[in-house]
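> final_8.txt is reproduced in full below (compact mmCIF, C-alpha atoms).
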```txt
# COMPACT_ATOMS: atom_id res chain seq x y z
CA MET A 1 20.04 -2.15 25.26
CA LYS A 2 16.48 -3.17 24.51
CA GLY A 3 14.64 -2.29 21.33
CA TRP A 4 10.93 -1.54 21.06
CA GLY A 5 10.19 -5.22 20.62
CA GLY A 6 12.25 -6.13 23.69
CA LYS A 7 15.20 -7.24 21.53
CA ALA A 8 18.70 -6.30 22.62
CA GLY A 9 20.38 -4.44 19.82
CA LEU A 10 22.57 -1.68 18.48
CA ILE A 11 21.94 1.85 17.33
CA ILE A 12 22.67 1.92 13.61
CA ALA A 13 22.94 5.18 11.64
CA VAL A 14 22.47 5.24 7.87
CA ASP A 15 23.14 8.57 6.16
CA GLY A 16 23.35 9.56 2.53
CA PRO A 17 21.96 11.83 -0.19
CA SER A 18 18.48 11.82 -1.70
CA GLY A 19 17.69 8.81 -3.87
CA ALA A 20 20.53 6.66 -2.53
CA GLY A 21 18.08 3.91 -1.57
CA LYS A 22 18.27 4.52 2.18
CA SER A 23 14.61 3.73 2.83
CA THR A 24 14.60 0.51 0.80
CA ILE A 25 17.87 -0.71 2.26
CA THR A 26 17.25 0.24 5.87
CA LYS A 27 13.77 -1.28 5.89
CA ALA A 28 15.12 -4.54 4.50
CA LEU A 29 18.11 -4.54 6.85
CA ALA A 30 15.82 -3.89 9.82
CA ASP A 31 13.72 -6.90 8.79
CA ARG A 32 16.82 -9.09 8.54
CA LEU A 33 18.08 -8.00 11.95
CA GLY A 34 14.72 -7.82 13.69
CA TYR A 35 15.34 -4.13 14.41
CA VAL A 36 12.98 -1.14 14.30
CA HIS A 37 13.31 1.11 11.23
CA ILE A 38 13.05 4.88 11.83
CA ASP A 39 12.84 6.99 8.66
CA THR A 40 13.86 10.45 9.86
CA GLY A 41 13.51 11.88 6.36
CA ALA A 42 9.83 10.95 6.43
CA MET A 43 9.49 12.94 9.64
CA PHE A 44 10.78 16.10 7.95
CA ARG A 45 8.49 15.40 5.00
CA ALA A 46 5.54 15.13 7.40
CA VAL A 47 6.40 18.54 8.83
CA ALA A 48 6.67 19.96 5.30
CA LEU A 49 3.30 18.53 4.28
CA THR A 50 1.64 19.84 7.44
CA ALA A 51 3.16 23.29 6.86
CA LEU A 52 2.01 23.34 3.24
CA ARG A 53 -1.54 22.43 4.21
CA ALA A 54 -1.56 25.03 7.00
CA GLY A 55 -0.17 27.74 4.75
CA VAL A 56 2.96 28.16 6.86
CA ASP A 57 5.94 29.43 4.87
CA GLY A 58 9.06 27.29 5.00
CA SER A 59 11.10 30.22 6.35
CA ASP A 60 8.58 31.31 9.00
CA ASP A 61 10.26 30.08 12.18
CA GLU A 62 7.50 31.31 14.50
CA GLY A 63 4.83 29.62 12.41
CA LEU A 64 6.88 26.44 12.21
CA ALA A 65 7.40 26.45 15.97
CA ARG A 66 3.65 26.65 16.55
CA LEU A 67 3.04 23.93 14.00
CA CYS A 68 5.63 21.59 15.57
CA GLY A 69 4.17 22.22 19.01
CA SER A 70 0.88 20.63 17.94
CA LEU A 71 2.29 17.95 15.63
CA GLU A 72 2.58 14.31 16.63
CA ILE A 73 4.57 12.07 14.27
CA ALA A 74 4.58 8.31 14.63
CA PHE A 75 5.29 5.15 12.67
CA ALA A 76 2.75 2.34 12.43
CA ARG A 77 3.20 -1.12 10.90
CA THR A 78 0.18 -2.13 8.79
CA ASN A 79 0.06 -5.37 6.83
CA GLY A 80 3.83 -5.68 7.10
CA CYS A 81 4.44 -2.11 5.87
CA CYS A 82 5.68 0.83 7.92
CA ARG A 83 3.32 3.80 7.56
CA VAL A 84 4.00 7.43 8.50
CA MET A 85 1.39 9.08 10.67
CA ALA A 86 0.95 12.82 11.29
CA ASN A 87 -1.59 13.65 13.99
CA GLY A 88 -3.18 10.26 13.42
CA GLU A 89 -3.43 10.59 9.60
CA ASP A 90 -1.58 8.20 7.30
CA VAL A 91 0.53 10.53 5.13
CA THR A 92 2.89 7.90 3.70
CA ASP A 93 1.94 8.54 0.08
CA ALA A 94 1.19 12.26 0.38
CA ILE A 95 4.75 13.08 1.51
CA ARG A 96 6.42 11.49 -1.54
CA THR A 97 5.71 14.11 -4.19
CA PRO A 98 8.34 16.31 -5.93
CA GLU A 99 6.74 19.41 -4.36
CA ILE A 100 7.12 18.01 -0.87
CA SER A 101 10.69 16.86 -1.65
CA LEU A 102 11.81 20.41 -2.46
CA LEU A 103 9.87 21.96 0.43
CA THR A 104 11.39 19.38 2.79
CA SER A 105 14.88 20.58 1.88
CA THR A 106 13.85 24.12 2.89
CA ILE A 107 12.01 22.98 6.03
CA SER A 108 14.85 20.73 7.18
CA ALA A 109 17.26 23.69 7.12
CA ARG A 110 15.26 25.50 9.82
CA LYS A 111 16.76 25.10 13.29
CA VAL A 112 13.36 25.18 14.98
CA VAL A 113 12.27 22.11 13.01
CA ARG A 114 15.56 20.27 13.50
CA ASP A 115 15.49 20.87 17.26
CA PHE A 116 11.92 19.57 17.48
CA LEU A 117 12.61 16.40 15.50
CA LEU A 118 16.01 15.81 17.08
CA GLU A 119 14.38 15.22 20.43
CA VAL A 120 11.73 12.96 18.86
CA GLN A 121 14.38 10.93 17.02
CA ARG A 122 16.60 10.52 20.05
CA ARG A 123 13.66 9.42 22.16
CA MET A 124 12.69 6.81 19.55
CA GLY A 125 16.21 5.50 19.08
CA ARG A 126 17.66 5.63 22.57
CA ALA A 127 16.44 2.16 23.55
CA GLY A 128 18.57 0.45 20.90
CA GLY A 129 17.69 -2.25 18.42
CA VAL A 130 17.01 0.48 15.85
CA ILE A 131 18.16 1.65 12.43
CA LEU A 132 17.78 5.37 11.79
CA GLU A 133 18.18 6.82 8.31
CA GLY A 134 18.64 10.41 7.28
CA ARG A 135 21.34 12.93 6.44
CA ASP A 136 22.83 13.75 9.83
CA ILE A 137 22.16 10.69 11.98
CA GLY A 138 25.79 9.72 12.46
CA THR A 139 27.02 13.31 12.80
CA VAL A 140 24.29 15.03 14.87
CA VAL A 141 21.45 12.79 16.07
CA PHE A 142 23.53 9.81 17.26
CA PRO A 143 27.23 10.67 16.86
CA ASP A 144 27.96 7.74 19.19
CA ALA A 145 25.93 5.20 17.16
CA ASP A 146 27.32 1.66 17.32
CA VAL A 147 27.51 1.33 13.52
CA LYS A 148 27.45 4.11 10.91
CA PHE A 149 26.94 3.74 7.18
CA PHE A 150 27.10 6.37 4.44
CA LEU A 151 25.00 5.03 1.57
CA THR A 152 25.30 6.70 -1.81
CA ALA A 153 25.20 6.19 -5.58
CA SER A 154 25.97 8.31 -8.63
CA VAL A 155 23.59 11.24 -9.25
CA GLU A 156 22.55 9.62 -12.55
CA GLU A 157 21.72 6.36 -10.83
CA ARG A 158 19.82 8.11 -8.04
CA GLY A 159 17.91 10.21 -10.56
CA ARG A 160 16.98 7.13 -12.55
CA ARG A 161 15.68 5.36 -9.46
CA ARG A 162 13.62 8.37 -8.41
CA TRP A 163 12.27 8.77 -11.97
CA LEU A 164 11.08 5.13 -11.99
CA GLU A 165 9.49 5.62 -8.57
CA LEU A 166 7.64 8.75 -9.70
CA ALA A 167 6.60 7.19 -13.03
CA ALA A 168 5.06 4.27 -11.14
CA ARG A 169 2.88 6.81 -9.29
CA GLY A 170 1.88 8.55 -12.53
CA GLU A 171 4.14 11.60 -12.15
CA GLN A 172 4.95 13.17 -15.54
CA LEU A 173 8.63 14.17 -15.24
CA THR A 174 11.41 13.39 -17.69
CA LEU A 175 14.51 11.51 -16.63
CA ALA A 176 16.65 14.62 -17.21
CA GLU A 177 14.33 16.74 -15.05
CA THR A 178 14.47 14.19 -12.26
CA ILE A 179 18.26 13.94 -12.33
CA ALA A 180 18.46 17.75 -12.21
CA ALA A 181 16.08 17.82 -9.23
CA VAL A 182 18.22 15.28 -7.37
CA ALA A 183 21.35 17.36 -8.08
CA ARG A 184 19.60 20.50 -6.75
CA ARG A 185 18.56 18.64 -3.61
CA ASP A 186 22.17 17.51 -3.09
CA GLU A 187 23.34 21.12 -3.30
CA GLN A 188 20.66 22.38 -0.90
CA ASP A 189 21.29 19.64 1.64
CA SER A 190 25.09 20.03 1.58
CA GLU A 191 25.10 23.83 1.85
CA ARG A 192 22.41 24.43 4.48
CA GLU A 193 23.51 26.13 7.69
CA HIS A 194 22.12 23.66 10.22
CA ALA A 195 23.18 19.99 10.16
CA PRO A 196 24.20 19.80 6.49
CA LEU A 197 24.62 16.46 4.75
CA ARG A 198 28.00 15.13 5.87
CA ARG A 199 29.69 11.76 6.02
CA ALA A 200 30.71 10.87 9.59
CA ALA A 201 34.46 10.28 9.84
CA ASP A 202 33.91 6.76 11.17
CA ALA A 203 31.12 5.79 8.75
CA VAL A 204 31.45 2.83 6.40
CA ASP A 205 31.02 3.96 2.78
CA VAL A 206 28.56 1.89 0.73
CA ASP A 207 28.25 2.86 -2.95
CA SER A 208 25.22 1.05 -4.36
CA THR A 209 25.79 2.07 -8.00
CA GLY A 210 25.43 -1.06 -10.10
CA LEU A 211 24.79 -3.30 -7.08
CA SER A 212 21.68 -5.31 -6.32
CA ILE A 213 19.75 -4.71 -3.11
CA ASP A 214 20.88 -8.09 -1.80
CA ASP A 215 24.54 -7.25 -2.50
CA VAL A 216 24.24 -4.07 -0.44
CA LEU A 217 22.30 -5.79 2.33
CA ASP A 218 24.77 -8.66 2.58
CA ARG A 219 27.67 -6.27 3.06
CA MET A 220 25.88 -4.16 5.67
CA GLU A 221 24.51 -7.14 7.57
CA THR A 222 27.98 -8.70 7.77
CA ILE A 223 29.35 -5.52 9.36
CA VAL A 224 26.48 -5.29 11.87
CA ARG A 225 26.69 -8.96 12.85
CA GLU A 226 30.42 -8.61 13.48
CA LYS A 227 29.79 -5.57 15.70
CA GLU A 228 27.12 -7.49 17.61
CA ARG A 229 29.54 -10.38 18.07
CA LEU A 230 32.33 -8.12 19.33
CA LEU A 231 30.06 -6.39 21.85
CA ALA A 232 28.64 -9.70 23.06
CA THR A 233 32.16 -11.02 23.59
CA ALA A 234 33.17 -7.87 25.44
CA ARG A 235 30.24 -8.29 27.84
CA GLN A 236 31.20 -11.86 28.73
```
Give the structure from the file, written as structure tokens.

Amino acid sequence: MKGWGGKAGLIIAVDGPSGAGKSTITKALADRLGYVHIDTGAMFRAVALTALRAGVDGSDDEGLARLCGSLEIAFARTNGCCRVMANGEDVTDAIRTPEISLLTSTISARKVVRDFLLEVQRRMGRAGGVILEGRDIGTVVFPDADVKFFLTASVEERGRRRWLELAARGEQLTLAETIAAVARRDEQDSEREHAPLRRAADAVDVDSTGLSIDDVLDRMETIVREKERLLATARQ
């Protein structure tokens, strides 16, 4: 398989709950491997932001269908950073607010939105040499991915990380409020009707509680490199 940069590579799925560090880890792992990083969660957030701005209710399937029909989502690398674009606008920062987080959980439960983004995600990832992160990559989007990870951490640890992230942006939420919001998001994502958060049966569990980023990356990279080696040997 050939990735976007012409590099042969695997399809890697990284799933897990909100605040598990998927974006940080998958971006860094993609850099180590020379793979393309696809943040599927950011795609749902971009839909949520667009719907909010357009006044489309999160449960209005007809309105969401029209919105998706005119929405183009892309990823652009600027000064070494991956930016999220919606109809040509950089929405990377705008999609990371608590309001958008909660609306995203509602939006992502709508089948019309999932069907739209499923096709976009599969088109982006089909070439290989990619790491896709989300909540149903290994179970729905690419159930035949070459390597699957389920990245998680305790709800307290995930809440603390999100609280520090929000505080750095000037958001005035307490640690307890942030932990509670993360717990609510877990419940919403696990109980939704369409493509709920699930661990794929063949996914490798990675609990990042108490671990450094490098510790997590080293473990995941070792697993990917071994898979690459095995496939290369099989092709010989």
> Could you work out how far atom CA of A:Ser101 lies from atom CA of A:Ala168, giving the answer in Å with one decimal?
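Result for atom CA of A:Ala168 versus atom CA of A:Ser101: 16.7 Å, one decimal.
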> Write out as a PyMOL selection string the residues lying within 6 Å of stretch 200-216 of chain A, counting all atoms listed in the file and excluding same-chain residues fewer than 4 positions away.
chain A and resi 138-139+148-153
> Generate a file of the selected residues that holds C-alpha atoms, formatted as a PDB file, in the coordinates of the input.

```
ATOM      1  CA  GLY A 138      25.790   9.720  12.460  1.00  0.00           C
ATOM      2  CA  THR A 139      27.020  13.310  12.800  1.00  0.00           C
ATOM      3  CA  LYS A 148      27.450   4.110  10.910  1.00  0.00           C
ATOM      4  CA  PHE A 149      26.940   3.740   7.180  1.00  0.00           C
ATOM      5  CA  PHE A 150      27.100   6.370   4.440  1.00  0.00           C
ATOM      6  CA  LEU A 151      25.000   5.030   1.570  1.00  0.00           C
ATOM      7  CA  THR A 152      25.300   6.700  -1.810  1.00  0.00           C
ATOM      8  CA  ALA A 153      25.200   6.190  -5.580  1.00  0.00           C
TER       9      ALA A 153
END
```
> Could you check how far atom CA of A:Thr178 sits from atom CA of A:Gly21, in Å to one decimal?
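If I compute the distance from atom CA of A:Thr178 to atom CA of A:Gly21, I get 15.3 Å.
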> Choose the residue, out of A:Lys27, A:Arg135, A:Arg229, A:Arg83, that has the smallest atom-to-atom separation from A:Arg199; count all atoms listed in the file.
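The closest residue to A:Arg199 is A:Arg135.
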> My list of candidates is A:Glu171, A:Asp146, A:Glu191, A:Glu157. Which is closest to A:Thr106 when distances are computed with all atoms listed in the file?
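Among the listed residues, A:Glu191 lies closest to A:Thr106.
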> Around the point (10.4, -9.8, 7.1) (coordinates from the file), which residues reach within 12 Å if we count only C-alpha atoms? Answer as a list in words.
Lys27, Ala28, Leu29, Ala30, Asp31, Arg32, Leu33, Gly34, Tyr35, Val36, Arg77, Asn79, Gly80, Cys81 and Cys82 of chain A
> Quick one, how far is atom CA of A:Asp144 from atom CA of A:Thr233?
19.7 Å
> Fewer than 3 positions away in the same chain doesn't count, so skip those; otherwise give me all residues within 12 Å of A:Arg225, counting only C-alpha atoms, as a PyMOL selection string.
chain A and resi 9-10+12+29+32-33+146-147+217-222+228-232
> With distances taken over only C-alpha atoms, which residue among A:Asp136, A:Glu156, A:Glu62, A:Glu165 lies nearest A:Ala183?
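Distance minimum relative to A:Ala183 lands on A:Glu156.
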> For A:Gly16, which residue among A:Ala76, A:Lys227, A:Phe116, A:Asp189 is the nearest when counting all atoms listed in the file?
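Ranking A:Ala76, A:Lys227, A:Phe116, A:Asp189 by distance to A:Gly16, first place goes to A:Asp189.
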> For stretch 66-70 of chain A, list every protein, DNA or RNA residue within 9 Å, evaluated using only C-alpha atoms, and leave out those in the same chain fewer than 3 positions away; present the list as number ranges by chain.
A: 47, 50-51, 54, 56, 61-63, 87, 112-113, 116-117
> Within 12 Å of (11.1, 13.1, 18.0), only C-alpha atoms: residues as a PyMOL selection string?
chain A and resi 38-44+47+68-69+71-75+113-126+132+141
> Could you tell me which of A:Leu102, A:Leu197, A:Leu166, A:Ala46 comes closest to A:Glu89 if we count only C-alpha atoms?
A:Ala46
> So, counting only C-alpha atoms, which residue among A:Ile131, A:Val155, A:Val182, A:Ala48 is closest to A:Ser23?
A:Ile131
